[in-house]
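Containing compact mmCIF, C-alpha atoms and all ligand atoms: work-v8.txt.
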# COMPACT_ATOMS: atom_id res chain seq x y z
CA MET A 1 -28.11 -25.82 19.23
CA ILE A 2 -31.50 -25.47 17.52
CA CYS A 3 -34.71 -26.22 19.36
CA SER A 4 -38.46 -25.93 18.99
CA ARG A 5 -41.63 -27.44 20.38
CA ARG A 6 -42.29 -29.11 17.02
CA VAL A 7 -39.25 -30.93 15.68
CA VAL A 8 -40.00 -33.45 12.91
CA LEU A 9 -38.11 -36.57 13.98
CA PRO A 10 -38.25 -40.00 12.30
CA ASP A 11 -40.64 -41.28 14.98
CA GLY A 12 -42.89 -38.23 15.25
CA ILE A 13 -43.12 -34.55 16.07
CA ARG A 14 -42.10 -33.42 19.56
CA PRO A 15 -40.12 -30.80 21.49
CA ALA A 16 -36.41 -31.40 20.95
CA ALA A 17 -33.05 -29.70 20.83
CA ILE A 18 -30.71 -30.47 17.95
CA VAL A 19 -27.04 -30.28 18.83
CA VAL A 20 -24.90 -29.54 15.77
CA ARG A 21 -21.17 -30.17 15.57
CA ASP A 22 -19.10 -29.50 12.43
CA GLY A 23 -22.23 -29.25 10.30
CA VAL A 24 -23.53 -32.62 11.45
CA ILE A 25 -26.32 -33.52 13.89
CA ALA A 26 -24.40 -34.70 16.97
CA LYS A 27 -27.27 -35.23 19.40
CA ILE A 28 -31.03 -34.95 19.80
CA ALA A 29 -31.63 -33.74 23.32
CA ASP A 30 -34.37 -32.76 25.73
CA PRO A 31 -34.74 -28.98 25.22
CA LYS A 32 -35.54 -28.30 28.89
CA ARG A 33 -32.28 -29.78 30.10
CA SER A 34 -29.94 -28.55 27.42
CA ALA A 35 -30.71 -24.86 26.84
CA SER A 36 -27.68 -22.57 26.78
CA ALA A 37 -26.87 -19.04 25.73
CA GLU A 38 -26.18 -20.20 22.18
CA THR A 39 -29.51 -22.00 21.77
CA LEU A 40 -31.66 -20.84 18.89
CA ASP A 41 -35.18 -21.40 20.18
CA PHE A 42 -37.81 -21.37 17.45
CA GLU A 43 -40.66 -21.99 19.92
CA ASP A 44 -43.79 -23.13 18.03
CA SER A 45 -42.27 -23.05 14.55
CA VAL A 46 -41.72 -26.42 12.93
CA VAL A 47 -38.14 -27.63 12.52
CA MET A 48 -38.01 -30.16 9.70
CA PRO A 49 -35.25 -31.81 7.64
CA GLY A 50 -34.21 -29.75 4.61
CA ILE A 51 -36.15 -30.71 1.48
CA VAL A 52 -34.51 -33.00 -1.07
CA ASP A 53 -35.77 -32.20 -4.57
CA ALA A 54 -34.73 -35.05 -6.85
CA HIS A 55 -35.92 -33.51 -10.12
CA VAL A 56 -34.69 -30.04 -11.09
CA HIS A 57 -33.67 -28.63 -14.49
CA ILE A 58 -30.96 -25.99 -14.20
CA ASN A 59 -29.75 -25.81 -17.85
CA GLU A 60 -26.22 -24.51 -17.15
CA PRO A 61 -23.91 -24.50 -19.06
CA GLY A 62 -25.37 -23.73 -22.45
CA ARG A 63 -28.86 -22.48 -21.66
CA THR A 64 -28.12 -20.47 -18.55
CA GLU A 65 -30.52 -17.80 -19.81
CA TRP A 66 -33.31 -20.29 -18.99
CA GLU A 67 -32.02 -21.09 -15.49
CA GLY A 68 -28.62 -21.25 -13.83
CA PHE A 69 -27.03 -22.70 -10.71
CA GLU A 70 -26.95 -19.41 -8.84
CA THR A 71 -30.58 -18.39 -9.28
CA ALA A 72 -31.93 -21.93 -8.93
CA THR A 73 -30.06 -22.67 -5.72
CA MET A 74 -31.07 -19.30 -4.21
CA ALA A 75 -34.70 -20.21 -4.94
CA ALA A 76 -34.05 -23.62 -3.40
CA ALA A 77 -32.63 -22.12 -0.20
CA ALA A 78 -35.58 -19.72 0.06
CA GLY A 79 -37.99 -22.63 -0.33
CA GLY A 80 -36.29 -24.83 2.27
CA VAL A 81 -34.70 -27.13 -0.32
CA THR A 82 -31.21 -27.95 0.95
CA THR A 83 -30.40 -30.67 -1.59
CA LEU A 84 -31.37 -30.91 -5.22
CA ILE A 85 -30.45 -33.34 -7.94
CA GLU A 86 -30.06 -31.79 -11.33
CA MET A 87 -31.34 -33.27 -14.59
CA PRO A 88 -28.94 -34.10 -17.43
CA LEU A 89 -30.82 -32.21 -20.09
CA ASN A 90 -31.42 -28.72 -21.27
CA SER A 91 -27.82 -27.83 -20.55
CA ILE A 92 -25.41 -27.87 -23.49
CA PRO A 93 -23.75 -30.30 -23.54
CA ALA A 94 -26.27 -32.66 -21.97
CA THR A 95 -24.80 -34.86 -19.22
CA THR A 96 -24.47 -37.95 -21.40
CA THR A 97 -20.66 -38.19 -21.45
CA LEU A 98 -17.94 -37.85 -18.83
CA ASP A 99 -16.58 -34.80 -20.62
CA ALA A 100 -19.98 -33.11 -20.43
CA PHE A 101 -20.26 -33.99 -16.73
CA ARG A 102 -16.89 -32.33 -16.11
CA GLN A 103 -18.12 -29.18 -17.88
CA LYS A 104 -21.24 -29.20 -15.74
CA LEU A 105 -19.25 -29.58 -12.52
CA ALA A 106 -16.97 -26.70 -13.56
CA SER A 107 -19.97 -24.48 -14.24
CA THR A 108 -21.19 -24.79 -10.63
CA GLN A 109 -18.06 -23.09 -9.23
CA ASP A 110 -18.89 -20.46 -6.59
CA LYS A 111 -22.58 -20.52 -7.45
CA LEU A 112 -24.19 -23.05 -5.12
CA PHE A 113 -26.37 -21.90 -2.22
CA VAL A 114 -27.45 -25.50 -1.51
CA ASP A 115 -26.03 -28.98 -2.08
CA VAL A 116 -26.39 -30.25 -5.64
CA GLY A 117 -26.06 -33.75 -7.10
CA PHE A 118 -26.48 -34.84 -10.70
CA TRP A 119 -28.28 -37.37 -12.85
CA GLY A 120 -26.55 -38.64 -15.98
CA GLY A 121 -28.42 -39.39 -19.20
CA VAL A 122 -29.14 -42.50 -21.24
CA VAL A 123 -29.45 -41.63 -24.94
CA PRO A 124 -29.13 -43.89 -27.99
CA GLY A 125 -25.59 -45.21 -28.27
CA ASN A 126 -24.04 -43.85 -25.04
CA SER A 127 -23.97 -47.11 -23.03
CA ALA A 128 -20.18 -47.03 -22.94
CA GLU A 129 -20.30 -43.69 -21.08
CA SER A 130 -22.61 -44.87 -18.32
CA SER A 131 -20.00 -46.71 -16.30
CA ARG A 132 -17.65 -43.70 -16.51
CA LEU A 133 -20.39 -41.30 -15.44
CA HIS A 134 -21.38 -43.67 -12.65
CA GLU A 135 -17.78 -43.99 -11.46
CA HIS A 136 -17.44 -40.20 -11.37
CA GLY A 137 -20.46 -39.76 -9.15
CA VAL A 138 -23.76 -39.30 -10.99
CA PHE A 139 -26.62 -40.70 -8.90
CA GLY A 140 -28.37 -42.55 -11.74
CA PHE A 141 -29.55 -42.10 -15.32
CA LYS A 142 -32.47 -40.32 -16.92
CA CYS A 143 -34.02 -41.24 -20.28
CA PHE A 144 -36.92 -40.09 -22.42
CA LEU A 145 -39.27 -42.40 -24.29
CA VAL A 146 -40.67 -39.45 -26.31
CA PRO A 147 -38.79 -36.50 -27.85
CA SER A 148 -37.42 -34.42 -24.99
CA GLY A 149 -37.75 -31.11 -26.80
CA VAL A 150 -33.99 -30.55 -27.19
CA ALA A 151 -31.81 -32.04 -29.92
CA GLU A 152 -28.91 -32.91 -27.57
CA PHE A 153 -31.00 -35.38 -25.60
CA GLU A 154 -32.50 -37.98 -27.92
CA ALA A 155 -35.30 -40.30 -26.89
CA VAL A 156 -34.66 -44.02 -26.52
CA THR A 157 -36.63 -46.90 -27.99
CA GLU A 158 -37.24 -50.27 -26.41
CA SER A 159 -34.23 -51.67 -28.27
CA ASP A 160 -31.99 -48.85 -26.95
CA LEU A 161 -33.20 -49.69 -23.46
CA ARG A 162 -32.40 -53.34 -24.03
CA GLN A 163 -28.81 -52.25 -24.65
CA ALA A 164 -28.61 -49.85 -21.73
CA LEU A 165 -30.36 -51.84 -18.99
CA PRO A 166 -27.91 -54.75 -18.61
CA GLU A 167 -25.16 -52.18 -18.02
CA LEU A 168 -27.24 -50.26 -15.47
CA ALA A 169 -28.07 -53.56 -13.75
CA ARG A 170 -24.37 -54.37 -13.57
CA LEU A 171 -23.64 -50.94 -12.07
CA GLY A 172 -26.59 -51.16 -9.69
CA ALA A 173 -27.74 -47.79 -11.03
CA VAL A 174 -31.32 -46.58 -11.27
CA LEU A 175 -32.99 -45.62 -14.57
CA LEU A 176 -35.28 -42.59 -14.32
CA ALA A 177 -37.74 -42.51 -17.18
CA HIS A 178 -39.92 -39.87 -18.73
CA ALA A 179 -42.74 -42.35 -19.28
CA GLU A 180 -44.77 -41.42 -22.34
CA LEU A 181 -44.74 -43.39 -25.62
CA PRO A 182 -44.87 -41.60 -28.97
CA GLY A 183 -47.52 -43.85 -30.60
CA PRO A 184 -50.60 -42.69 -28.67
CA ILE A 185 -49.32 -39.08 -28.72
CA ASP A 186 -48.87 -39.00 -32.51
CA GLU A 187 -52.34 -40.43 -33.00
CA ALA A 188 -53.92 -37.96 -30.57
CA THR A 189 -52.00 -35.00 -32.03
CA CYS A 190 -53.46 -35.74 -35.49
CA LYS A 191 -56.95 -35.67 -34.00
CA VAL A 192 -56.50 -32.19 -32.47
CA SER A 193 -54.85 -30.64 -35.53
CA ASN A 194 -57.98 -28.60 -36.37
CA LYS A 195 -58.68 -27.57 -32.76
CA ASP A 196 -57.95 -24.23 -31.09
CA PRO A 197 -54.29 -24.28 -29.95
CA ARG A 198 -55.06 -21.67 -27.26
CA SER A 199 -57.52 -23.96 -25.55
CA TYR A 200 -56.09 -26.09 -22.71
CA PRO A 201 -58.23 -29.15 -23.62
CA THR A 202 -56.47 -29.22 -27.00
CA TRP A 203 -53.11 -29.71 -25.26
CA LEU A 204 -54.58 -32.18 -22.77
CA ARG A 205 -56.12 -34.32 -25.54
CA SER A 206 -52.85 -34.35 -27.46
CA ARG A 207 -51.09 -36.10 -24.50
CA PRO A 208 -53.48 -38.91 -23.53
CA ALA A 209 -53.06 -40.96 -20.37
CA ALA A 210 -52.65 -44.02 -22.60
CA ALA A 211 -49.21 -42.73 -23.66
CA GLU A 212 -48.12 -42.80 -20.01
CA ASP A 213 -49.84 -46.05 -19.14
CA GLN A 214 -48.27 -47.94 -22.05
CA ALA A 215 -44.82 -46.55 -21.30
CA ILE A 216 -45.10 -47.55 -17.63
CA GLU A 217 -46.22 -51.03 -18.61
CA LEU A 218 -43.12 -51.35 -20.84
CA LEU A 219 -40.81 -50.01 -18.14
CA ILE A 220 -42.16 -52.40 -15.52
CA ARG A 221 -41.67 -55.30 -17.92
CA LEU A 222 -38.07 -54.27 -18.71
CA SER A 223 -37.26 -53.63 -15.06
CA GLN A 224 -38.36 -57.15 -14.18
CA GLU A 225 -36.60 -58.72 -17.15
CA TYR A 226 -33.24 -57.03 -16.49
CA LYS A 227 -33.62 -56.80 -12.69
CA THR A 228 -32.88 -53.09 -12.92
CA ARG A 229 -34.17 -50.33 -10.65
CA VAL A 230 -36.59 -48.15 -12.58
CA HIS A 231 -38.05 -44.84 -11.43
CA ILE A 232 -41.05 -43.19 -13.06
CA VAL A 233 -40.59 -39.42 -12.98
CA HIS A 234 -43.55 -37.00 -12.82
CA LEU A 235 -46.45 -39.45 -12.82
CA SER A 236 -49.59 -37.71 -14.03
CA SER A 237 -51.92 -40.54 -15.14
CA ALA A 238 -53.86 -42.02 -12.24
CA ALA A 239 -54.88 -44.88 -14.54
CA ALA A 240 -51.36 -46.31 -14.12
CA ILE A 241 -51.62 -46.55 -10.33
CA SER A 242 -53.14 -50.04 -10.13
CA MET A 243 -50.44 -51.41 -12.43
CA ILE A 244 -47.72 -49.73 -10.33
CA ARG A 245 -49.24 -51.07 -7.12
CA ALA A 246 -49.33 -54.60 -8.53
CA ALA A 247 -45.74 -54.40 -9.79
CA LYS A 248 -44.48 -53.15 -6.43
CA GLY A 249 -46.49 -55.88 -4.70
CA SER A 250 -44.76 -58.50 -6.80
CA GLY A 251 -41.33 -57.19 -5.85
CA ALA A 252 -40.46 -55.00 -8.87
CA LYS A 253 -37.65 -52.54 -8.19
CA LEU A 254 -39.92 -49.64 -8.99
CA THR A 255 -40.25 -46.15 -7.52
CA VAL A 256 -42.51 -43.30 -8.56
CA GLU A 257 -42.61 -39.55 -8.06
CA THR A 258 -45.27 -36.99 -8.82
CA CYS A 259 -45.12 -33.20 -8.81
CA PRO A 260 -46.85 -30.32 -7.02
CA HIS A 261 -48.63 -29.24 -10.23
CA TYR A 262 -50.37 -32.60 -10.66
CA LEU A 263 -51.44 -32.50 -7.03
CA THR A 264 -52.56 -28.88 -6.74
CA ILE A 265 -53.99 -27.85 -10.12
CA ALA A 266 -56.83 -29.38 -12.16
CA ALA A 267 -57.26 -29.18 -15.93
CA GLU A 268 -60.76 -27.76 -15.49
CA GLU A 269 -59.29 -24.60 -13.88
CA ILE A 270 -56.67 -23.83 -16.52
CA PRO A 271 -57.58 -20.83 -18.67
CA ASP A 272 -57.17 -20.55 -22.43
CA GLY A 273 -53.78 -19.23 -23.54
CA ALA A 274 -52.20 -19.73 -20.07
CA THR A 275 -49.13 -21.54 -21.37
CA HIS A 276 -47.29 -21.25 -18.05
CA PHE A 277 -49.50 -24.21 -17.04
CA LYS A 278 -48.05 -26.33 -19.86
CA CYS A 279 -45.94 -29.35 -18.97
CA ALA A 280 -45.64 -32.92 -20.21
CA PRO A 281 -47.28 -35.17 -19.27
CA PRO A 282 -50.06 -32.63 -18.83
CA ILE A 283 -52.00 -31.63 -15.73
CA ARG A 284 -55.17 -33.74 -15.87
CA GLU A 285 -58.69 -33.47 -14.42
CA ALA A 286 -59.63 -33.00 -10.74
CA ALA A 287 -60.79 -36.62 -10.37
CA ASN A 288 -57.39 -37.83 -11.61
CA ARG A 289 -55.68 -35.49 -9.11
CA GLU A 290 -57.59 -36.98 -6.18
CA ARG A 291 -56.47 -40.48 -7.15
CA LEU A 292 -52.85 -39.27 -7.19
CA TRP A 293 -53.33 -38.03 -3.62
CA GLU A 294 -54.66 -41.43 -2.57
CA ALA A 295 -51.67 -43.17 -4.14
CA LEU A 296 -49.29 -40.74 -2.43
CA GLY A 297 -51.06 -41.40 0.86
CA ASP A 298 -50.74 -45.17 0.64
CA GLY A 299 -47.12 -45.10 -0.59
CA THR A 300 -47.76 -46.30 -4.16
CA ILE A 301 -46.29 -42.96 -5.20
CA ASP A 302 -43.05 -42.68 -3.21
CA PHE A 303 -42.38 -38.96 -3.15
CA VAL A 304 -42.83 -35.49 -4.61
CA ALA A 305 -40.30 -33.63 -6.77
CA THR A 306 -40.89 -30.30 -8.49
CA ASP A 307 -39.60 -30.95 -12.04
CA HIS A 308 -38.73 -27.23 -11.85
CA SER A 309 -38.14 -26.26 -15.45
CA PRO A 310 -38.40 -22.59 -16.36
CA ALA A 311 -37.79 -21.02 -19.78
CA PRO A 312 -37.69 -17.45 -21.08
CA PRO A 313 -41.23 -15.99 -21.53
CA GLN A 314 -40.88 -15.83 -25.33
CA MET A 315 -40.40 -19.62 -25.39
CA LYS A 316 -43.59 -19.99 -23.40
CA CYS A 317 -45.37 -18.15 -26.29
CA THR A 318 -46.91 -15.77 -23.79
CA ASP A 319 -47.88 -13.46 -26.70
CA THR A 320 -49.94 -15.99 -28.67
CA GLY A 321 -50.93 -18.38 -25.87
CA ASP A 322 -50.43 -21.31 -28.24
CA TYR A 323 -50.31 -24.45 -26.09
CA LEU A 324 -49.03 -26.62 -28.92
CA ARG A 325 -46.01 -24.39 -29.68
CA ALA A 326 -45.10 -23.22 -26.16
CA TRP A 327 -42.19 -24.77 -24.29
CA GLY A 328 -43.39 -27.12 -21.57
CA GLY A 329 -42.15 -26.78 -18.01
CA ILE A 330 -43.31 -25.29 -14.74
CA ALA A 331 -41.27 -23.14 -12.37
CA SER A 332 -41.89 -24.08 -8.75
CA LEU A 333 -38.60 -24.90 -7.00
CA GLN A 334 -39.17 -22.30 -4.25
CA LEU A 335 -42.75 -23.35 -3.55
CA SER A 336 -42.86 -27.11 -3.05
CA LEU A 337 -43.38 -27.03 0.71
CA PRO A 338 -46.27 -24.51 0.85
CA LEU A 339 -47.90 -26.06 -2.23
CA ILE A 340 -47.81 -29.59 -0.85
CA TRP A 341 -48.59 -28.57 2.70
CA SER A 342 -51.61 -26.39 1.78
CA SER A 343 -53.17 -29.18 -0.28
CA ALA A 344 -52.14 -32.05 1.99
CA HIS A 345 -53.55 -30.38 5.11
CA LYS A 346 -56.95 -29.93 3.40
CA ARG A 347 -57.01 -33.66 2.72
CA GLY A 348 -56.26 -34.65 6.29
CA PHE A 349 -52.52 -35.33 5.97
CA GLY A 350 -50.03 -34.12 8.55
CA ILE A 351 -46.62 -32.47 8.70
CA SER A 352 -44.91 -35.88 9.02
CA ASP A 353 -46.50 -36.95 5.71
CA ALA A 354 -45.11 -33.85 4.00
CA ALA A 355 -41.67 -34.60 5.50
CA ARG A 356 -41.86 -38.16 4.21
CA TRP A 357 -42.73 -37.09 0.64
CA LEU A 358 -40.38 -34.10 0.45
CA CYS A 359 -37.40 -35.16 2.59
CA ARG A 360 -37.05 -38.78 3.68
CA GLU A 361 -38.21 -40.70 0.60
CA PRO A 362 -36.38 -38.68 -2.06
CA ALA A 363 -33.17 -38.90 0.02
CA ARG A 364 -33.59 -42.65 0.38
CA PHE A 365 -34.34 -43.01 -3.35
CA ALA A 366 -31.14 -41.21 -4.35
CA GLY A 367 -29.05 -43.03 -1.74
CA LEU A 368 -28.34 -39.82 0.19
CA SER A 369 -27.77 -41.44 3.56
CA ARG A 370 -26.77 -38.14 5.22
CA LYS A 371 -29.90 -36.26 4.13
CA GLY A 372 -33.65 -36.37 4.58
CA GLU A 373 -34.04 -36.99 8.33
CA ILE A 374 -33.21 -35.28 11.61
CA ALA A 375 -31.05 -37.98 13.20
CA VAL A 376 -27.60 -38.28 14.73
CA GLY A 377 -24.89 -38.47 12.06
CA ARG A 378 -26.93 -36.75 9.36
CA ASP A 379 -26.02 -33.36 7.89
CA ALA A 380 -27.55 -30.51 9.87
CA ASP A 381 -29.75 -29.43 6.93
CA LEU A 382 -32.84 -27.99 8.58
CA ILE A 383 -35.74 -25.72 7.87
CA VAL A 384 -37.75 -23.63 10.25
CA TRP A 385 -41.27 -22.91 9.02
CA ASN A 386 -44.70 -21.89 10.12
CA PRO A 387 -47.47 -24.15 8.81
CA GLU A 388 -50.26 -21.90 10.15
CA GLN A 389 -49.04 -18.72 8.47
CA SER A 390 -50.22 -17.92 4.94
CA PHE A 391 -48.81 -15.74 2.16
CA GLN A 392 -49.65 -14.79 -1.38
CA VAL A 393 -47.30 -15.98 -4.14
CA GLN A 394 -45.73 -12.90 -5.73
CA PRO A 395 -43.49 -13.40 -8.77
CA GLU A 396 -41.16 -10.62 -7.57
CA LYS A 397 -40.37 -12.67 -4.47
CA MET A 398 -39.27 -15.69 -6.48
CA PHE A 399 -35.52 -16.13 -6.85
CA PHE A 400 -35.54 -18.41 -9.89
CA ARG A 401 -34.57 -16.76 -13.16
CA HIS A 402 -37.93 -16.52 -14.93
CA THR A 403 -40.66 -15.86 -12.45
CA LEU A 404 -43.60 -16.76 -14.67
CA THR A 405 -45.36 -19.42 -12.61
CA PRO A 406 -48.90 -20.81 -12.54
CA TYR A 407 -49.00 -20.23 -8.77
CA SER A 408 -48.84 -16.45 -9.01
CA GLY A 409 -51.49 -14.85 -6.80
CA ARG A 410 -52.32 -18.06 -4.92
CA THR A 411 -52.63 -17.91 -1.16
CA LEU A 412 -50.66 -20.74 0.42
CA PHE A 413 -50.03 -21.92 3.95
CA GLY A 414 -46.50 -22.66 5.14
CA VAL A 415 -43.93 -19.88 5.41
CA VAL A 416 -40.25 -20.86 5.35
CA GLN A 417 -38.55 -18.64 7.92
CA LYS A 418 -35.02 -20.01 7.97
CA THR A 419 -32.97 -22.63 6.16
CA PHE A 420 -29.81 -24.21 7.57
CA LEU A 421 -27.28 -26.11 5.46
CA HIS A 422 -24.57 -28.06 7.32
CA GLY A 423 -25.64 -26.08 10.39
CA GLU A 424 -25.11 -22.66 8.72
CA GLU A 425 -28.02 -20.29 8.31
CA ILE A 426 -28.20 -19.92 4.53
CA TYR A 427 -31.63 -18.27 4.34
CA SER A 428 -33.54 -16.01 6.68
CA SER A 429 -36.77 -14.20 5.67
CA GLY A 430 -35.63 -13.00 2.24
CA ASP A 431 -31.88 -12.80 3.00
CA PHE A 432 -28.98 -15.17 2.42
CA PRO A 433 -26.80 -14.47 5.46
CA SER A 434 -23.98 -16.90 4.81
CA GLY A 435 -23.73 -16.82 1.03
CA ARG A 436 -22.77 -19.76 -1.15
CA ARG A 437 -22.30 -22.70 1.16
CA GLY A 438 -23.57 -25.41 -1.17
CA ARG A 439 -21.44 -28.39 -2.13
CA VAL A 440 -21.30 -30.67 -5.11
CA LEU A 441 -22.62 -34.08 -4.07
CA LEU A 442 -21.19 -37.13 -5.74
CA ARG A 443 -22.60 -40.62 -5.32
CA GLY A 444 -20.59 -42.49 -2.75
CA PRO A 445 -19.65 -46.14 -3.00
CA ALA A 446 -22.78 -48.30 -2.87
ZN ZN B 501 -38.12 -33.01 -15.93

What's the structure tokens form of this structure?
Ligand SMILES: [Zn+2]
Amino acid sequence: MICSRRVVLPDGIRPAAIVVRDGVIAKIADPKRSASAETLDFEDSVVMPGIVDAHVHINEPGRTEWEGFETATMAAAAGGVTTLIEMPLNSIPATTTLDAFRQKLASTQDKLFVDVGFWGGVVPGNSAESSRLHEHGVFGFKCFLVPSGVAEFEAVTESDLRQALPELARLGAVLLAHAELPGPIDEATCKVSNKDPRSYPTWLRSRPAAAEDQAIELLIRLSQEYKTRVHIVHLSSAAAISMIRAAKGSGAKLTVETCPHYLTIAAEEIPDGATHFKCAPPIREAANRERLWEALGDGTIDFVATDHSPAPPQMKCTDTGDYLRAWGGIASLQLSLPLIWSSAHKRGFGISDAARWLCREPARFAGLSRKGEIAVGRDADLIVWNPEQSFQVQPEKMFFRHTLTPYSGRTLFGVVQKTFLHGEEIYSSGDFPSGRRGRVLLRGPA
């Protein structure tokens, strides 16, 4: 039994005792009446559902030197992430065929510290594979509307989407889209061709908000036309919020995530040559960031996912600091809770808000009915953390493979003390006491 004075339950935060049987929450009890010798009492620490991170790039097999299942899931456990859903690209092969999915599943063997599910991919011409991937348990399908950066995962055009969407509608599967269109980017890139590539504004101007806004407009239109669920990954442009709000208001099957970097960093603060801040779409100005917070607060943005995507330092062009040549992607899997909590608290949000954005909503989005809340019948995936305690981010304490991160040196509030997966203590203050307890998650019948 696990108890504390601050347990994050679906209807609020209060003292409670969580009775766990066979890895599942069997009962939520009054802690005063149910204490026993086996009770783990965490007193004033917060006990919250394990975090569900729906957007993580692990890159194994094929590019394991960028990130692999072992290091990524250790980082997850240390950050209180008990479930993650892995993206279909940057691994070789990309998860766009059933054969590739089988290779990916095989590569997870004996490596998982937390539970891991998978997204499949929609690329030009692979519609026939989507029903097979769906049948074998991927949770949905990711696509890119601009070049993804890797040759194995080609971008789709509107006409490719018009082929893929009827099939996804038939399957009842969600399409996750990297929403930027090439037109505005190509135009903007021409305009910055004589600018300093080490200057962050050069990168920012080359990826204008219009590229996102136009892509989102197209995706909303297609979602309504084909009655397909569409999910916008990593929203950065606040200009798209009013359009998203209107589409949701009119019943569109639309969900949206944003990431810790868009919520906690502003373009104005990013130094020249600091390519570890590079991602696409880019981190925009402080005023844009505040509008993202408002949209997260009112539910227009559904949840937060990290888009954890590390690469070896040489690919980040750390020597030249060239923003236009560096690989884009930010490493943050281990830090989502303290990043979001530190910034949310400053803006007047509470612990329940953080639990909604990091646990409940991503679980609901992916259809993970056993995750994301502390309730009877759910998996006993729990984290124990101290929201009042602060720490300084030190790269050497990160468990992901390449520790270059824009958060290095930042002081954050929210220390993860322990992580439980299926009731087993998988992380405790820097240690992993029960080893690799993670499971492969496959989508269950709808
Ligand atoms: Zn991504």

Near-Ile2 of chain A list (7 Å; all atoms listed in the file; drop same-chain fewer than 2 positions) as a list of chain:residue names:
A:Ala17, A:Ile18, A:Val19, A:Thr39, A:Leu40, A:Asp41

Write as a VMD selection string the residues around ligand ZN 501 (chain B), taking 7 Å as the cut-off and counting all atoms listed in the file.
chain A and resid 55 to 57 87 307 309

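Note that atom CA of Ala128 of chain A and atom CA of Pro61 of chain A are 23.2 Å apart.
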
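Going from atom CA of Leu89 of chain A over to atom CA of Phe153 of chain A, you cover 6.4 Å.
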
If we count all atoms listed in the file, what is near segment 64-79 of chain A at a cut-off of 7 Å, once residues fewer than 3 positions away on the same chain are taken out, given as a ChimeraX atom specification?
/A:58-61,82,108,111-114,310-312,333-335,398-401,416,419,426-427

Just give me the residues with any atom within 6 Å of (-39.0, -31.7, -0.6), file coordinates, counting only C-alpha atoms, written as a list of chain:residue names.
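All residues meeting the 6 Å criterion around (-39.0, -31.7, -0.6) are A:Ile51, A:Val52, A:Asp53, A:Leu358, A:Cys359.
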
Pick out the closest residue to Val440 of chain A from this set: A:Lys27, A:Lys397, A:Arg102, A:Arg5. Count all atoms listed in the file.
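Result for the nearest residue to Val440 of chain A: A:Arg102.
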
Calculate how many Å separate atom CA of Asn194 of chain A from atom CA of Arg289 of chain A, rounding to one decimal.
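Straight-line distance from atom CA of Asn194 of chain A to atom CA of Arg289 of chain A works out to 28.2 Å.
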
Taking N, CA and C atoms as the atom set, what does segment 378-389 of chain A look like once completed, written as a CSV table (one decimal), in the frame of the given file?
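That gives us rebuild_14.csv:
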chain,number,residue,atom,x,y,z
A,378,ARG,N,-26.5,-37.4,10.6
A,378,ARG,CA,-26.9,-36.8,9.4
A,378,ARG,C,-26.4,-35.3,9.3
A,379,ASP,N,-26.4,-34.8,8.1
A,379,ASP,CA,-26.0,-33.4,7.9
A,379,ASP,C,-27.1,-32.5,8.6
A,380,ALA,N,-26.6,-31.4,9.2
A,380,ALA,CA,-27.6,-30.5,9.9
A,380,ALA,C,-28.2,-29.6,8.8
A,381,ASP,N,-29.0,-30.2,7.9
A,381,ASP,CA,-29.8,-29.4,6.9
A,381,ASP,C,-31.2,-29.3,7.5
A,382,LEU,N,-31.6,-28.1,7.8
A,382,LEU,CA,-32.8,-28.0,8.6
A,382,LEU,C,-33.6,-26.8,8.1
A,383,ILE,N,-34.9,-26.9,8.2
A,383,ILE,CA,-35.7,-25.7,7.9
A,383,ILE,C,-36.6,-25.4,9.0
A,384,VAL,N,-36.9,-24.1,9.2
A,384,VAL,CA,-37.8,-23.6,10.2
A,384,VAL,C,-38.9,-23.0,9.5
A,385,TRP,N,-40.1,-23.5,9.8
A,385,TRP,CA,-41.3,-22.9,9.0
A,385,TRP,C,-42.5,-22.9,9.9
A,386,ASN,N,-43.4,-22.1,9.4
A,386,ASN,CA,-44.7,-21.9,10.1
A,386,ASN,C,-45.9,-22.4,9.3
A,387,PRO,N,-46.4,-23.6,9.6
A,387,PRO,CA,-47.5,-24.2,8.8
A,387,PRO,C,-48.8,-23.4,8.9
A,388,GLU,N,-49.0,-22.6,10.0
A,388,GLU,CA,-50.3,-21.9,10.2
A,388,GLU,C,-50.3,-20.5,9.5
A,389,GLN,N,-49.1,-20.0,9.1
A,389,GLN,CA,-49.0,-18.7,8.5
A,389,GLN,C,-49.2,-18.8,7.0
